[in-house]
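Okay, final01.pdb now, which holds PDB, C-alpha atoms:
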```pdb
ATOM      1  CA  GLN A   1      34.144  -8.601 -55.462
ATOM      2  CA  ARG A   2      31.169  -6.245 -55.807
ATOM      3  CA  HIS A   3      30.267  -3.557 -53.330
ATOM      4  CA  LYS A   4      26.757  -2.327 -52.973
ATOM      5  CA  CYS A   5      26.483   1.471 -53.224
ATOM      6  CA  ALA A   6      23.977   3.521 -51.325
ATOM      7  CA  ALA A   7      21.171   4.806 -53.500
ATOM      8  CA  MET A   8      22.123   8.035 -55.197
ATOM      9  CA  PRO A   9      19.614  10.886 -55.025
ATOM     10  CA  ARG A  10      18.113  11.763 -58.389
ATOM     11  CA  LEU A  11      18.680  15.185 -59.829
ATOM     12  CA  LEU A  12      15.794  16.544 -61.822
ATOM     13  CA  THR A  13      16.725  18.886 -64.640
ATOM     14  CA  SER A  14      14.716  21.058 -66.939
ATOM     15  CA  GLN A  15      15.385  23.480 -69.731
ATOM     16  CA  HIS A  16      13.240  26.508 -70.374
ATOM     17  CA  PRO A  17      12.073  26.557 -74.005
ATOM     18  CA  ALA A  18      12.867  30.257 -74.481
ATOM     19  CA  SER A  19      16.589  31.047 -74.398
ATOM     20  CA  LYS A  20      17.190  34.648 -73.377
ATOM     21  CA  HIS A  21      20.935  34.888 -73.918
ATOM     22  CA  SER A  22      22.134  35.041 -77.512
ATOM     23  CA  GLU A  23      25.701  33.922 -76.684
ATOM     24  CA  ILE A  24      27.332  31.395 -74.342
ATOM     25  CA  VAL A  25      26.444  31.713 -70.644
ATOM     26  CA  THR A  26      29.628  32.180 -68.617
ATOM     27  CA  GLY A  27      28.277  32.466 -65.074
ATOM     28  CA  VAL A  28      25.237  31.702 -62.936
ATOM     29  CA  SER A  29      24.487  32.089 -59.241
ATOM     30  CA  TRP A  30      21.520  31.347 -56.924
ATOM     31  CA  SER A  31      20.457  33.920 -54.359
ATOM     32  CA  GLY A  32      19.255  33.009 -50.873
ATOM     33  CA  ALA A  33      15.742  33.869 -52.095
ATOM     34  CA  ASN A  34      15.895  31.222 -54.863
ATOM     35  CA  GLU A  35      16.487  33.677 -57.667
ATOM     36  CA  LEU A  36      19.066  32.998 -60.325
ATOM     37  CA  VAL A  37      21.242  35.532 -62.084
ATOM     38  CA  SER A  38      23.066  34.680 -65.319
ATOM     39  CA  VAL A  39      25.750  36.459 -67.347
ATOM     40  CA  ALA A  40      26.828  35.681 -70.890
ATOM     41  CA  ASP A  41      28.986  36.747 -73.802
ATOM     42  CA  ASP A  42      26.075  38.844 -75.089
ATOM     43  CA  LYS A  43      26.991  41.272 -72.231
ATOM     44  CA  LYS A  44      23.523  40.890 -70.674
ATOM     45  CA  ILE A  45      22.590  40.015 -67.107
ATOM     46  CA  TRP A  46      19.305  38.132 -66.670
ATOM     47  CA  MET A  47      17.234  37.295 -63.573
ATOM     48  CA  TRP A  48      15.384  33.940 -63.416
ATOM     49  CA  ASN A  49      12.992  32.363 -60.915
ATOM     50  CA  VAL A  50      13.395  28.966 -59.249
ATOM     51  CA  GLU A  51      11.343  27.287 -62.009
ATOM     52  CA  GLY A  52      13.854  28.487 -64.605
ATOM     53  CA  GLU A  53      11.568  31.110 -66.100
ATOM     54  CA  PRO A  54      13.152  34.404 -67.157
ATOM     55  CA  GLN A  55      11.993  37.335 -65.024
ATOM     56  CA  ALA A  56      13.848  40.330 -66.449
ATOM     57  CA  MET A  57      16.952  41.457 -68.237
ATOM     58  CA  LEU A  58      18.604  43.413 -65.444
ATOM     59  CA  CYS A  59      21.184  45.313 -67.471
ATOM     60  CA  GLU A  60      23.768  45.251 -70.224
ATOM     61  CA  THR A  61      27.453  45.692 -69.457
ATOM     62  CA  ASP A  62      30.137  47.401 -71.497
ATOM     63  CA  THR A  63      32.414  44.344 -71.321
ATOM     64  CA  PHE A  64      32.159  40.544 -71.373
ATOM     65  CA  CYS A  65      31.308  38.928 -68.030
ATOM     66  CA  THR A  66      33.156  35.851 -66.788
ATOM     67  CA  GLU A  67      31.253  34.998 -63.617
ATOM     68  CA  ALA A  68      28.548  36.120 -61.183
ATOM     69  CA  ARG A  69      28.099  35.490 -57.432
ATOM     70  CA  TRP A  70      25.307  36.676 -55.143
ATOM     71  CA  PHE A  71      26.413  38.172 -51.856
ATOM     72  CA  PRO A  72      25.605  35.513 -49.229
ATOM     73  CA  SER A  73      22.301  36.127 -47.473
ATOM     74  CA  LEU A  74      22.029  35.785 -43.727
ATOM     75  CA  GLN A  75      20.495  32.553 -42.492
ATOM     76  CA  GLY A  76      16.747  32.893 -42.552
ATOM     77  CA  GLY A  77      17.104  36.119 -44.519
ATOM     78  CA  LYS A  78      15.128  37.025 -47.602
ATOM     79  CA  GLY A  79      18.119  37.079 -49.904
ATOM     80  CA  SER A  80      20.813  39.496 -50.863
ATOM     81  CA  GLU A  81      20.353  42.812 -52.608
ATOM     82  CA  LEU A  82      23.765  42.634 -54.298
ATOM     83  CA  PHE A  83      25.858  40.383 -56.512
ATOM     84  CA  VAL A  84      29.310  40.668 -58.061
ATOM     85  CA  VAL A  85      30.250  40.112 -61.695
ATOM     86  CA  GLY A  86      33.809  39.441 -62.903
ATOM     87  CA  CYS A  87      34.724  40.897 -66.307
ATOM     88  CA  THR A  88      37.220  40.355 -69.121
ATOM     89  CA  ASP A  89      38.452  43.963 -68.913
ATOM     90  CA  GLY A  90      39.989  43.178 -65.488
ATOM     91  CA  SER A  91      37.209  44.782 -63.454
ATOM     92  CA  PHE A  92      34.524  43.470 -61.179
ATOM     93  CA  LYS A  93      31.155  45.124 -60.845
ATOM     94  CA  LEU A  94      28.889  45.264 -57.805
ATOM     95  CA  VAL A  95      25.327  45.065 -59.137
ATOM     96  CA  SER A  96      22.036  45.556 -57.276
ATOM     97  CA  ARG A  97      19.169  43.101 -57.700
ATOM     98  CA  ARG A  98      17.417  45.852 -59.700
ATOM     99  CA  GLY A  99      20.273  45.798 -62.226
ATOM    100  CA  GLN A 100      22.006  49.017 -61.187
ATOM    101  CA  ILE A 101      25.802  48.818 -61.422
ATOM    102  CA  GLU A 102      26.677  50.247 -58.012
ATOM    103  CA  LYS A 103      30.444  50.186 -58.483
ATOM    104  CA  SER A 104      32.970  49.096 -61.108
ATOM    105  CA  VAL A 105      36.417  48.317 -59.693
ATOM    106  CA  PRO A 106      39.568  47.912 -61.819
ATOM    107  CA  ALA A 107      41.055  44.802 -60.193
ATOM    108  CA  HIS A 108      43.408  42.870 -62.495
ATOM    109  CA  GLN A 109      45.591  43.137 -65.602
ATOM    110  CA  GLY A 110      43.642  40.869 -67.941
ATOM    111  CA  ALA A 111      40.357  39.122 -67.242
ATOM    112  CA  VAL A 112      38.951  38.428 -63.790
ATOM    113  CA  THR A 113      38.601  34.636 -63.821
ATOM    114  CA  CYS A 114      36.950  34.019 -60.439
ATOM    115  CA  VAL A 115      35.128  35.958 -57.704
ATOM    116  CA  ARG A 116      34.169  34.490 -54.309
ATOM    117  CA  TRP A 117      32.549  36.003 -51.211
ATOM    118  CA  SER A 118      33.966  34.842 -47.881
ATOM    119  CA  HIS A 119      31.778  32.639 -45.680
ATOM    120  CA  ASP A 120      31.741  35.283 -42.926
ATOM    121  CA  ASN A 121      30.376  37.864 -45.424
ATOM    122  CA  THR A 122      33.193  40.348 -44.809
ATOM    123  CA  SER A 123      35.391  39.943 -47.892
ATOM    124  CA  LEU A 124      35.531  39.286 -51.604
ATOM    125  CA  ALA A 125      38.436  37.463 -53.237
ATOM    126  CA  THR A 126      39.261  37.795 -56.928
ATOM    127  CA  CYS A 127      41.839  36.221 -59.208
ATOM    128  CA  GLY A 128      42.728  36.686 -62.812
ATOM    129  CA  GLU A 129      44.856  36.242 -65.873
ATOM    130  CA  ASP A 130      47.606  38.296 -64.211
ATOM    131  CA  GLY A 131      48.120  35.480 -61.678
ATOM    132  CA  VAL A 132      47.274  37.649 -58.668
ATOM    133  CA  VAL A 133      44.779  36.766 -55.921
ATOM    134  CA  LYS A 134      43.355  39.821 -54.166
ATOM    135  CA  SER A 135      41.103  40.564 -51.210
ATOM    136  CA  TRP A 136      38.472  43.325 -51.183
ATOM    137  CA  SER A 137      35.949  44.694 -48.696
ATOM    138  CA  ARG A 138      32.224  44.102 -49.243
ATOM    139  CA  VAL A 139      31.992  47.524 -50.894
ATOM    140  CA  GLY A 140      34.935  46.968 -53.244
ATOM    141  CA  MET A 141      37.815  48.608 -51.374
ATOM    142  CA  PHE A 142      41.194  46.905 -51.944
ATOM    143  CA  ARG A 143      42.582  45.116 -48.887
ATOM    144  CA  ALA A 144      45.567  42.982 -49.885
ATOM    145  CA  ASN A 145      47.333  40.837 -52.430
ATOM    146  CA  LEU A 146      46.819  37.332 -51.074
ATOM    147  CA  GLY A 147      48.961  35.381 -53.510
ATOM    148  CA  GLN A 148      50.685  35.227 -56.854
ATOM    149  CA  GLY A 149      50.608  32.340 -59.307
ATOM    150  CA  GLU A 150      53.107  31.689 -62.083
ATOM    151  CA  GLY A 151      50.366  32.115 -64.685
ATOM    152  CA  THR A 152      46.630  32.618 -64.825
ATOM    153  CA  VAL A 153      44.820  31.762 -61.600
ATOM    154  CA  TYR A 154      41.564  30.102 -62.647
ATOM    155  CA  THR A 155      39.735  29.413 -59.403
ATOM    156  CA  LEU A 156      39.794  29.972 -55.663
ATOM    157  CA  CYS A 157      37.835  29.131 -52.530
ATOM    158  CA  TRP A 158      37.679  30.362 -48.942
ATOM    159  CA  SER A 159      38.236  28.114 -45.931
ATOM    160  CA  PRO A 160      35.123  27.563 -43.755
ATOM    161  CA  GLU A 161      36.523  30.032 -41.193
ATOM    162  CA  SER A 162      37.244  32.637 -43.930
ATOM    163  CA  ASP A 163      40.852  32.957 -42.770
ATOM    164  CA  GLN A 164      42.540  31.164 -45.690
ATOM    165  CA  VAL A 165      42.180  31.085 -49.476
ATOM    166  CA  LEU A 166      43.061  28.168 -51.742
ATOM    167  CA  PHE A 167      43.760  28.976 -55.397
ATOM    168  CA  SER A 168      44.972  27.130 -58.476
TER     169      SER A 168
END
```
Can you give me the file's structure in the form of structure tokens?
Amino acid sequence: QRHKCAAMPRLLTSQHPASKHSEIVTGVSWSGANELVSVADDKKIWMWNVEGEPQAMLCETDTFCTEARWFPSLQGGKGSELFVVGCTDGSFKLVSRRGQIEKSVPAHQGAVTCVRWSHDNTSLATCGEDGVVKSWSRVGMFRANLGQGEGTVYTLCWSPESDQVLFS
């Protein structure tokens, strides 16, 4: 017996002809202002516009980056001024939209594998190769160890109310 499926929306994709990273891209994130930030194994952080055109190389880091996440912008806001980058040296870096590394925080033994801002904009959660899940303030102050895995923790997410974290 066949079931008719609802029409799926089409996703349009494009690829900019000029690649700016010279190594594999390891993280991307959209801002609330439709800007994209990308990090790669070339240790560079690039800013892109909504059309996929490179705008500027924001900065180079002293370590490989694993992921990037814009700080959530307020509804109706113009976008965030800050994003976080996880790194293979166990740190995370708070970076301004101008490319200034505002703070580098030693967070884990081994690489930081995932960074996520809470939905209520009050916390950052990180996890890493050391198997630990940690909570931090918006400005990078340690709050608590939230959990411990038996091996590397690869990903995590916040509950909609920002009062629980799921990790694997």
| said: Give me the residues near A:Cys127 as a ChimeraX atom specification, where near means some atom within 9 Å (using all atoms listed in the file) and where sequence neighbours in that chain fewer than 3 positions away do not count. | reply: /A:107-108,111-115,130-134,152-156,167
Could those residues be written to a file, using C-alpha atoms, as a PDB file, in the coordinates of the input?
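Result file follows (part30.pdb):
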```pdb
ATOM      1  CA  ALA A 107      41.055  44.802 -60.193  1.00  0.00           C
ATOM      2  CA  HIS A 108      43.408  42.870 -62.495  1.00  0.00           C
ATOM      3  CA  ALA A 111      40.357  39.122 -67.242  1.00  0.00           C
ATOM      4  CA  VAL A 112      38.951  38.428 -63.790  1.00  0.00           C
ATOM      5  CA  THR A 113      38.601  34.636 -63.821  1.00  0.00           C
ATOM      6  CA  CYS A 114      36.950  34.019 -60.439  1.00  0.00           C
ATOM      7  CA  VAL A 115      35.128  35.958 -57.704  1.00  0.00           C
ATOM      8  CA  ASP A 130      47.606  38.296 -64.211  1.00  0.00           C
ATOM      9  CA  GLY A 131      48.120  35.480 -61.678  1.00  0.00           C
ATOM     10  CA  VAL A 132      47.274  37.649 -58.668  1.00  0.00           C
ATOM     11  CA  VAL A 133      44.779  36.766 -55.921  1.00  0.00           C
ATOM     12  CA  LYS A 134      43.355  39.821 -54.166  1.00  0.00           C
ATOM     13  CA  THR A 152      46.630  32.618 -64.825  1.00  0.00           C
ATOM     14  CA  VAL A 153      44.820  31.762 -61.600  1.00  0.00           C
ATOM     15  CA  TYR A 154      41.564  30.102 -62.647  1.00  0.00           C
ATOM     16  CA  THR A 155      39.735  29.413 -59.403  1.00  0.00           C
ATOM     17  CA  LEU A 156      39.794  29.972 -55.663  1.00  0.00           C
ATOM     18  CA  PHE A 167      43.760  28.976 -55.397  1.00  0.00           C
TER      19      PHE A 167
END
```
| task | Rounded to one decimal place, report the atom CA of A:Val37-atom CA of A:Gly90 distance in Å. | result | 20.5 Å
Please provide the set of residues having any atom within 8 Å of stretch 140-148 of chain A, restricted to only C-alpha atoms, with same-chain residues fewer than 2 positions apart removed, written as a short mmCIF file (atom, residue, chain, number, x, y, z; two decimals) with C-alpha atoms, in the frame of the given file.
```cif
data_model
loop_
_atom_site.label_atom_id
_atom_site.label_comp_id
_atom_site.auth_asym_id
_atom_site.auth_seq_id
_atom_site.Cartn_x
_atom_site.Cartn_y
_atom_site.Cartn_z
CA LEU A 94 28.89 45.26 -57.80
CA LYS A 103 30.44 50.19 -58.48
CA VAL A 105 36.42 48.32 -59.69
CA LEU A 124 35.53 39.29 -51.60
CA GLY A 131 48.12 35.48 -61.68
CA VAL A 132 47.27 37.65 -58.67
CA VAL A 133 44.78 36.77 -55.92
CA LYS A 134 43.36 39.82 -54.17
CA SER A 135 41.10 40.56 -51.21
CA TRP A 136 38.47 43.32 -51.18
CA SER A 137 35.95 44.69 -48.70
CA ARG A 138 32.22 44.10 -49.24
CA GLU A 150 53.11 31.69 -62.08
CA VAL A 165 42.18 31.08 -49.48
#
```
| query | If we count all atoms listed in the file, what is near A:Trp117 at a cut-off of 8 Å, once residues fewer than 5 positions away on the same chain are taken out, given as a PyMOL selection string? | reply | chain A and resi 69+71-72+122-125+158
Kindly resolve the PyMOL selection byres ((chain A and resi 40) around 12) on the present coordinates and return the residues as a compact mmCIF listing (two decimals) with C-alpha atoms, in the frame of the given file.
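Result file is part-v6.txt:
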```
# COMPACT_ATOMS: atom_id res chain seq x y z
CA SER A 19 16.59 31.05 -74.40
CA LYS A 20 17.19 34.65 -73.38
CA HIS A 21 20.94 34.89 -73.92
CA SER A 22 22.13 35.04 -77.51
CA GLU A 23 25.70 33.92 -76.68
CA ILE A 24 27.33 31.40 -74.34
CA VAL A 25 26.44 31.71 -70.64
CA THR A 26 29.63 32.18 -68.62
CA GLY A 27 28.28 32.47 -65.07
CA VAL A 28 25.24 31.70 -62.94
CA VAL A 37 21.24 35.53 -62.08
CA SER A 38 23.07 34.68 -65.32
CA VAL A 39 25.75 36.46 -67.35
CA ASP A 41 28.99 36.75 -73.80
CA ASP A 42 26.08 38.84 -75.09
CA LYS A 43 26.99 41.27 -72.23
CA LYS A 44 23.52 40.89 -70.67
CA ILE A 45 22.59 40.02 -67.11
CA TRP A 46 19.30 38.13 -66.67
CA MET A 57 16.95 41.46 -68.24
CA CYS A 59 21.18 45.31 -67.47
CA GLU A 60 23.77 45.25 -70.22
CA THR A 61 27.45 45.69 -69.46
CA THR A 63 32.41 44.34 -71.32
CA PHE A 64 32.16 40.54 -71.37
CA CYS A 65 31.31 38.93 -68.03
CA THR A 66 33.16 35.85 -66.79
CA GLU A 67 31.25 35.00 -63.62
CA ALA A 68 28.55 36.12 -61.18
CA VAL A 85 30.25 40.11 -61.70
CA GLY A 86 33.81 39.44 -62.90
CA CYS A 87 34.72 40.90 -66.31
CA THR A 88 37.22 40.35 -69.12
```
| message | Can you measure atom CA of A:Pro54 to atom CA of A:Ile101 for me? One decimal in Å is fine. | response | 20.0 Å
